[in-house]
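First up is the structure itself, then whatever we jot down about it.
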Amino acid sequence: MTKSPKPAPDLAKLTRPKAKIELMRLRLEIEGHNAAYYQHDAPKISDAEYDALRRRLEAIEAKFPDLVSDSSPTQTVGAAPARGFAKVQHVVPMLSLGNAFTDEEVTEFVERVQRFLRLDAVPAIVAEPKIDGLSLSLRYEHGELVRAATRGDGFTGEDVTANVRTIKDIPNTLNGKAIPAACELRGEVYMLKQDFLALNKRQEEAGDTVFANPRNSAAGSLRQKDVAITASRPLKFFAYAWGEMSDYPMDEPTQHKMLQWLDHVGFVVNPEITQCHSVEDALKFYRRIGEQRASLPYDIDGVVYKVDRLDYQERLGFVSRSPRWAIAHKFAAEQATTVLEKIDIQVGRTGAMTPVARLQPVTVGGVVVQNATLHNEDYIKGLGNDGSPLRDGVDIREGDTVVVQRAGDVIPQIVSVVLDKRPATAEPYRFPHKCPVCGSHAVREEGEAVWRCTGALICPAQAVERLKHFVSRLAFDIDGLGEKQIVLFHEKGWVQEPADIFTLQKRNAELKLEELEGYGETSVRNLFAAIDARRSIELHRLIFALGIRHVGEGNAKLLARHYGTIDAFLDAMRTAADAQTEEGNPSEAYQDLDNIAGIGDVVADAVVEFFAETRNRAALDALLAELTEVLPAEKVKRDTAVAGKTVVFTGSLSKFTRDEAKAAAERLGAKVAGSVSKKTDYVVAGEDAGSKLTKARDLGVAVLTEDEWLALIGG
Ligand SMILES: NC(=O)c1ccc[n+]([C@@H]2O[C@H](COP(=O)([O-])OP(=O)(O)OC[C@H]3O[C@@H](n4cnc5c(N)ncnc54)[C@H](O)[C@@H]3O)[C@@H](O)[C@H]2O)c1
Ligand SMILES: [Zn+2]
């Protein structure tokens, strides 16, 4: 929120015309937030702020009941299905829940139930953690999963069947006998806090969408048009409800018996769920689970109380948007106001620079908070529309007073800036264009949110990843020097940059590798021999080993073949880097690089950025001083039967390894691709070739056996 909002006019003084205007404004505002939250999985305000808007709306409608319309958010659920998903009609509507924020409201709920049912005693109540995810409906026919749908607007949801089949917690087939012919089972899709953090970290490093909290992350991951993306996300599911049941699998069904049954047929049911026999019991559960909240592996935002007996549930029925037999007891928002003292930049293992807010320590929901993530430059500028809780355009500055929230309990977030308290001297934050760890210049590629350090070879923050890459199979590939050893040698301070690998032997009088656990005289001798063997290296392996962004094996080969020798390559890169200016790079050397078939602007820029960092050059020179020769790239033959053709190898080859086959084909001027398309000229199929072979046949691409291929290339 930009400002502490003007206090809403006192309800008692609100006149009908004024109420009408305020209702209209509130409805529009809430509908906007509903769309952001339900359709785009990216809320613009905190849940507490949203709930406050709703409460105000409810209070006004309660005072002027004739102003309530059917389309008011108090009468509707969620939001209509988003475009791009097939629609599913729910046989039994999927409703929301009434809210209680205080103990009194819970007591009133139970009394209401008793009055309605004319019961003297408090009926059994099941208390369940309210999982902060999104609800899902699963239709099973004869025990087989046939359809999965989101809640949508309660009547029509989005068809997410294919996505749901990738979730391990959800059985495709129900276990056990006596499964009803048709049943629709329901529950919550969610993401573990740790999985959410790891996902966001990956997204952040890759410059992709970051999610505000596990709920949005779960919703965004489930509601994907590309099922492969859903499959790659760690989604979980708790079952706790049902819709249509052709018959019940037990006599005198109750909520807790049904939960046991859900567990029995193969679902995960939340282990904290407890049966209560009094309001005190229920409130005790609420307090206990509230205390455990921070340590639970998933987010909850309250407790749901449900009348246990299903015949009671049926008699109680529904009000417009929620059942009369259940209520959600929400936790108070965990927010606090503090001062943002400083913005620091953390550098990730791949060079991504992430800003972090250093806060005056403040207690939020019982936990002292000193740091909050700020994700990236756009987020600080208030431009981030991916789950940013800040309103568009409000930036964050050092010295600002900010409202901090433990969003879903995990990483604290800044949800708003108190602009009234902004010091006159506070300046817009200038995102650094240098890496704070190594001082290298940083770049932000077009279309990316992330700034990255370009000091690939010298940045301590990136060292371990770079060194692992340096020794990987397609790079220097040194026997006995894999990731494990690199991590160890780096920890010991023995290897900081690539050249250090080649001076290990010289320094060993002092280092004494043979004294390391698991090493002996022989293994150390072997290691040094393996390192020596790599003092002679092919140019493309060397280029790949540098770890320049966007320069994978394929591009490294293109570069090596184009320049031929290390000297020609270095000359050209240094010239291009030195000619680089703010406006661009008009040098001939750059044009020549940019013109290589297969090398686009993005790659060319990344290579030049690498060489623009003089310390990268120095590190490379130090490495070259340790090598005996860099083998020039093999000239590609242009006059062969396969020159210019695109080849795909599939199945298991018996005459050569995949790598050999690929190298041979490339030497003869062919391009080797990983997947079959219309552009493929030949598919070479070994034993057990699968889908690629089928696809080749479908597309009418020539399919060769290994022998036919050998005959073609004259081998
Ligand atoms: N920040 C925003 O802009 C914004 C916008 C819209 C909604 N919201 C938030 O969404 C919520 C309101 O949405 P709602 O209508 O889905 O209501 P709700 O989330 O308050 O309650 C209903 C939902 O609770 C879930 N639930 C979790 N555990 C359950 C259990 N054990 N038993 C039954 N249900 C369980 C179900 O998914 C069900 O649909 C509020 O928390 C609100 O703050 C926020
Ligand atoms: Zn750096």
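Going through the structure tokens in order, the chains are called A, B, and so on, while each chain numbers its residues from 1 and the ligands are numbered from 1 in the order shown.
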
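The residue set within 8 Å of A:Glu634, counting only C-alpha atoms and dropping same-chain residues fewer than 2 places from it, reads Arg561, Gly564, Pro632, Val636 and Arg667 of chain A.
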
Every residue of stretch 75-192 of chain A that DSSP places in strand (DSSP E), as a ChimeraX atom specification: /A:87-89,99-100,125-131,134-141,144-150,156-158,182-191

Next, write the just-selected residues to a file, as a PDB file, in the first residue's frame, keeping C-alpha atoms as the atom set.
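Once everything was written out, this is out38.pdb:
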ATOM      1  CA  LYS A  87     -13.906 -25.777 -18.452  1.00  0.00           C
ATOM      2  CA  VAL A  88     -15.328 -28.333 -16.057  1.00  0.00           C
ATOM      3  CA  GLN A  89     -18.775 -28.000 -14.477  1.00  0.00           C
ATOM      4  CA  ASN A  99     -14.275 -16.679   8.400  1.00  0.00           C
ATOM      5  CA  ALA A 100     -13.791 -16.231  12.123  1.00  0.00           C
ATOM      6  CA  ILE A 125     -16.320 -31.116  15.577  1.00  0.00           C
ATOM      7  CA  VAL A 126     -13.317 -31.968  13.452  1.00  0.00           C
ATOM      8  CA  ALA A 127     -10.527 -29.387  13.547  1.00  0.00           C
ATOM      9  CA  GLU A 128      -8.233 -29.337  10.515  1.00  0.00           C
ATOM     10  CA  PRO A 129      -5.279 -27.160   9.654  1.00  0.00           C
ATOM     11  CA  LYS A 130      -6.288 -24.797   6.865  1.00  0.00           C
ATOM     12  CA  ILE A 131      -3.702 -25.570   4.217  1.00  0.00           C
ATOM     13  CA  LEU A 134      -5.499 -24.257  -3.851  1.00  0.00           C
ATOM     14  CA  SER A 135      -8.393 -26.613  -3.803  1.00  0.00           C
ATOM     15  CA  LEU A 136      -8.749 -29.336  -6.340  1.00  0.00           C
ATOM     16  CA  SER A 137     -11.538 -31.659  -7.387  1.00  0.00           C
ATOM     17  CA  LEU A 138     -10.731 -35.219  -8.511  1.00  0.00           C
ATOM     18  CA  ARG A 139     -13.347 -37.334 -10.206  1.00  0.00           C
ATOM     19  CA  TYR A 140     -12.958 -41.126 -10.033  1.00  0.00           C
ATOM     20  CA  GLU A 141     -15.133 -43.552 -11.974  1.00  0.00           C
ATOM     21  CA  GLU A 144      -9.956 -44.624 -11.860  1.00  0.00           C
ATOM     22  CA  LEU A 145      -9.060 -40.948 -11.983  1.00  0.00           C
ATOM     23  CA  VAL A 146     -10.899 -39.462 -14.948  1.00  0.00           C
ATOM     24  CA  ARG A 147     -10.896 -35.710 -14.346  1.00  0.00           C
ATOM     25  CA  ALA A 148      -9.222 -33.086 -12.211  1.00  0.00           C
ATOM     26  CA  ALA A 149     -10.393 -29.499 -11.943  1.00  0.00           C
ATOM     27  CA  THR A 150      -9.627 -26.324 -10.026  1.00  0.00           C
ATOM     28  CA  THR A 156     -17.037 -23.977 -13.296  1.00  0.00           C
ATOM     29  CA  GLY A 157     -13.390 -24.858 -12.854  1.00  0.00           C
ATOM     30  CA  GLU A 158     -10.360 -25.369 -15.057  1.00  0.00           C
ATOM     31  CA  ALA A 182     -18.509 -42.457  -9.055  1.00  0.00           C
ATOM     32  CA  CYS A 183     -16.922 -40.186  -6.530  1.00  0.00           C
ATOM     33  CA  GLU A 184     -15.430 -36.749  -6.582  1.00  0.00           C
ATOM     34  CA  LEU A 185     -12.722 -36.298  -3.975  1.00  0.00           C
ATOM     35  CA  ARG A 186     -11.296 -32.972  -2.957  1.00  0.00           C
ATOM     36  CA  GLY A 187      -8.400 -31.438  -1.148  1.00  0.00           C
ATOM     37  CA  GLU A 188      -5.570 -28.964  -1.349  1.00  0.00           C
ATOM     38  CA  VAL A 189      -2.609 -28.825  -3.712  1.00  0.00           C
ATOM     39  CA  TYR A 190       0.314 -27.199  -1.926  1.00  0.00           C
ATOM     40  CA  MET A 191       4.063 -26.883  -1.947  1.00  0.00           C
TER      41      MET A 191
END

Selection as an mmCIF file with N, CA and C atoms, in the first residue's frame: residues within 7 Å of ligand 1 by only C-alpha atoms and all ligand atoms:
data_model
loop_
_atom_site.group_PDB
_atom_site.id
_atom_site.type_symbol
_atom_site.label_atom_id
_atom_site.label_comp_id
_atom_site.auth_asym_id
_atom_site.auth_seq_id
_atom_site.Cartn_x
_atom_site.Cartn_y
_atom_site.Cartn_z
ATOM 1 N N HIS A 33 -8.450 -7.598 -7.322
ATOM 2 C CA HIS A 33 -7.532 -8.452 -6.558
ATOM 3 C C HIS A 33 -7.850 -9.932 -6.754
ATOM 4 N N ASN A 34 -9.125 -10.240 -6.913
ATOM 5 C CA ASN A 34 -9.476 -11.644 -7.175
ATOM 6 C C ASN A 34 -8.846 -12.135 -8.471
ATOM 7 N N ALA A 36 -6.147 -10.965 -9.939
ATOM 8 C CA ALA A 36 -4.686 -11.073 -9.775
ATOM 9 C C ALA A 36 -4.336 -12.359 -9.023
ATOM 10 N N TYR A 37 -5.129 -12.645 -8.009
ATOM 11 C CA TYR A 37 -4.818 -13.769 -7.117
ATOM 12 C C TYR A 37 -5.209 -15.111 -7.728
ATOM 13 N N TYR A 38 -6.435 -15.207 -8.216
ATOM 14 C CA TYR A 38 -6.928 -16.511 -8.681
ATOM 15 C C TYR A 38 -6.534 -16.821 -10.121
ATOM 16 N N PRO A 43 -0.824 -12.015 -6.421
ATOM 17 C CA PRO A 43 -1.571 -10.977 -5.698
ATOM 18 C C PRO A 43 -0.797 -9.668 -5.622
ATOM 19 N N LYS A 44 -1.541 -8.564 -5.542
ATOM 20 C CA LYS A 44 -0.886 -7.270 -5.451
ATOM 21 C C LYS A 44 -0.878 -6.754 -4.022
ATOM 22 N N ILE A 45 -1.700 -7.341 -3.131
ATOM 23 C CA ILE A 45 -1.694 -6.915 -1.731
ATOM 24 C C ILE A 45 -1.647 -8.166 -0.863
ATOM 25 N N SER A 46 -1.376 -7.964 0.421
ATOM 26 C CA SER A 46 -1.297 -9.114 1.318
ATOM 27 C C SER A 46 -2.697 -9.650 1.597
ATOM 28 N N ASP A 47 -2.769 -10.890 2.046
ATOM 29 C CA ASP A 47 -4.062 -11.482 2.374
ATOM 30 C C ASP A 47 -4.759 -10.682 3.473
ATOM 31 N N ALA A 48 -3.966 -10.190 4.423
ATOM 32 C CA ALA A 48 -4.570 -9.441 5.533
ATOM 33 C C ALA A 48 -5.239 -8.173 5.002
ATOM 34 N N TYR A 50 -6.320 -7.724 1.977
ATOM 35 C CA TYR A 50 -7.473 -8.168 1.188
ATOM 36 C C TYR A 50 -8.651 -8.495 2.109
ATOM 37 N N ASP A 51 -8.346 -9.244 3.179
ATOM 38 C CA ASP A 51 -9.406 -9.611 4.123
ATOM 39 C C ASP A 51 -10.051 -8.370 4.740
ATOM 40 N N VAL A 77 -17.658 -16.859 -5.336
ATOM 41 C CA VAL A 77 -16.461 -17.590 -4.924
ATOM 42 C C VAL A 77 -15.382 -17.410 -5.987
ATOM 43 N N GLY A 78 -14.146 -17.165 -5.558
ATOM 44 C CA GLY A 78 -12.983 -17.195 -6.462
ATOM 45 C C GLY A 78 -13.148 -16.329 -7.694
ATOM 46 N N LEU A 95 -17.356 -24.560 -2.731
ATOM 47 C CA LEU A 95 -17.590 -23.267 -2.107
ATOM 48 C C LEU A 95 -16.389 -22.783 -1.327
ATOM 49 N N SER A 96 -16.567 -21.599 -0.758
ATOM 50 C CA SER A 96 -15.544 -21.014 0.086
ATOM 51 C C SER A 96 -15.894 -21.346 1.539
ATOM 52 N N LEU A 97 -15.297 -20.645 2.478
ATOM 53 C CA LEU A 97 -15.616 -20.876 3.882
ATOM 54 C C LEU A 97 -15.891 -19.539 4.546
ATOM 55 N N ASN A 99 -15.469 -16.959 7.621
ATOM 56 C CA ASN A 99 -14.275 -16.679 8.400
ATOM 57 C C ASN A 99 -14.604 -16.315 9.839
ATOM 58 N N GLU A 128 -9.258 -29.020 11.516
ATOM 59 C CA GLU A 128 -8.233 -29.337 10.515
ATOM 60 C C GLU A 128 -7.383 -28.103 10.247
ATOM 61 N N PRO A 129 -6.089 -28.303 10.071
ATOM 62 C CA PRO A 129 -5.279 -27.160 9.654
ATOM 63 C C PRO A 129 -5.800 -26.651 8.316
ATOM 64 N N LYS A 130 -5.846 -25.346 8.147
ATOM 65 C CA LYS A 130 -6.288 -24.797 6.865
ATOM 66 C C LYS A 130 -5.046 -24.620 5.994
ATOM 67 N N ILE A 131 -4.891 -25.544 5.056
ATOM 68 C CA ILE A 131 -3.702 -25.570 4.217
ATOM 69 C C ILE A 131 -3.758 -24.417 3.222
ATOM 70 N N ASP A 132 -2.673 -23.671 3.110
ATOM 71 C CA ASP A 132 -2.679 -22.535 2.196
ATOM 72 C C ASP A 132 -2.170 -22.968 0.825
ATOM 73 N N GLY A 133 -3.100 -23.497 0.055
ATOM 74 C CA GLY A 133 -2.760 -23.932 -1.303
ATOM 75 C C GLY A 133 -3.940 -23.593 -2.177
ATOM 76 N N LEU A 134 -4.275 -24.485 -3.093
ATOM 77 C CA LEU A 134 -5.499 -24.257 -3.851
ATOM 78 C C LEU A 134 -6.286 -25.548 -3.912
ATOM 79 N N SER A 135 -7.606 -25.396 -3.895
ATOM 80 C CA SER A 135 -8.393 -26.613 -3.803
ATOM 81 C C SER A 135 -8.562 -27.247 -5.168
ATOM 82 N N GLY A 187 -9.433 -31.772 -2.117
ATOM 83 C CA GLY A 187 -8.400 -31.438 -1.148
ATOM 84 C C GLY A 187 -7.573 -30.280 -1.654
ATOM 85 N N GLU A 188 -6.389 -30.144 -1.084
ATOM 86 C CA GLU A 188 -5.570 -28.964 -1.349
ATOM 87 C C GLU A 188 -4.243 -29.343 -1.993
ATOM 88 N N TYR A 240 -9.170 -33.799 1.928
ATOM 89 C CA TYR A 240 -9.966 -33.504 3.126
ATOM 90 C C TYR A 240 -11.459 -33.360 2.854
ATOM 91 N N ALA A 241 -11.890 -33.525 1.614
ATOM 92 C CA ALA A 241 -13.317 -33.310 1.349
ATOM 93 C C ALA A 241 -13.747 -34.075 0.104
ATOM 94 N N VAL A 304 -9.718 -25.023 10.149
ATOM 95 C CA VAL A 304 -11.110 -25.164 9.710
ATOM 96 C C VAL A 304 -11.822 -26.089 10.695
ATOM 97 N N ALA A 328 -13.748 -21.133 8.909
ATOM 98 C CA ALA A 328 -12.282 -21.019 8.937
ATOM 99 C C ALA A 328 -11.890 -20.027 10.020
#

Stretch 396-407 of chain A environment, 9 Å, only C-alpha atoms, sequence neighbours closer than 4 positions dropped, as an MDAnalysis selection string: chainID A and resid 46 212:214 333:343 357 362 364:365 367 369 372 379:382 411:423 425:429

Could you give me, as CSV, every chain A residue with an atom at most 7 Å from ligand 2, plus its closest atom pair and distance in Å to one decimal, counting only C-alpha atoms and all ligand atoms, rows ordered by chain then number?
residue,atom,partner,partner_atom_place_in_ligand_line,distance
A:Val347,CA,ligand 2,1 (Zn),7.0
A:Gly351,CA,ligand 2,1 (Zn),6.4
A:Cys435,CA,ligand 2,1 (Zn),4.6
A:Pro436,CA,ligand 2,1 (Zn),6.6
A:Val437,CA,ligand 2,1 (Zn),5.0
A:Cys438,CA,ligand 2,1 (Zn),4.2
A:Gly439,CA,ligand 2,1 (Zn),6.0
A:Ser440,CA,ligand 2,1 (Zn),5.5
A:Cys453,CA,ligand 2,1 (Zn),4.7
A:Thr454,CA,ligand 2,1 (Zn),6.6
A:Gly455,CA,ligand 2,1 (Zn),5.1
A:Cys459,CA,ligand 2,1 (Zn),4.1
A:Pro460,CA,ligand 2,1 (Zn),6.7
A:Ala461,CA,ligand 2,1 (Zn),6.2
A:Gln462,CA,ligand 2,1 (Zn),7.0
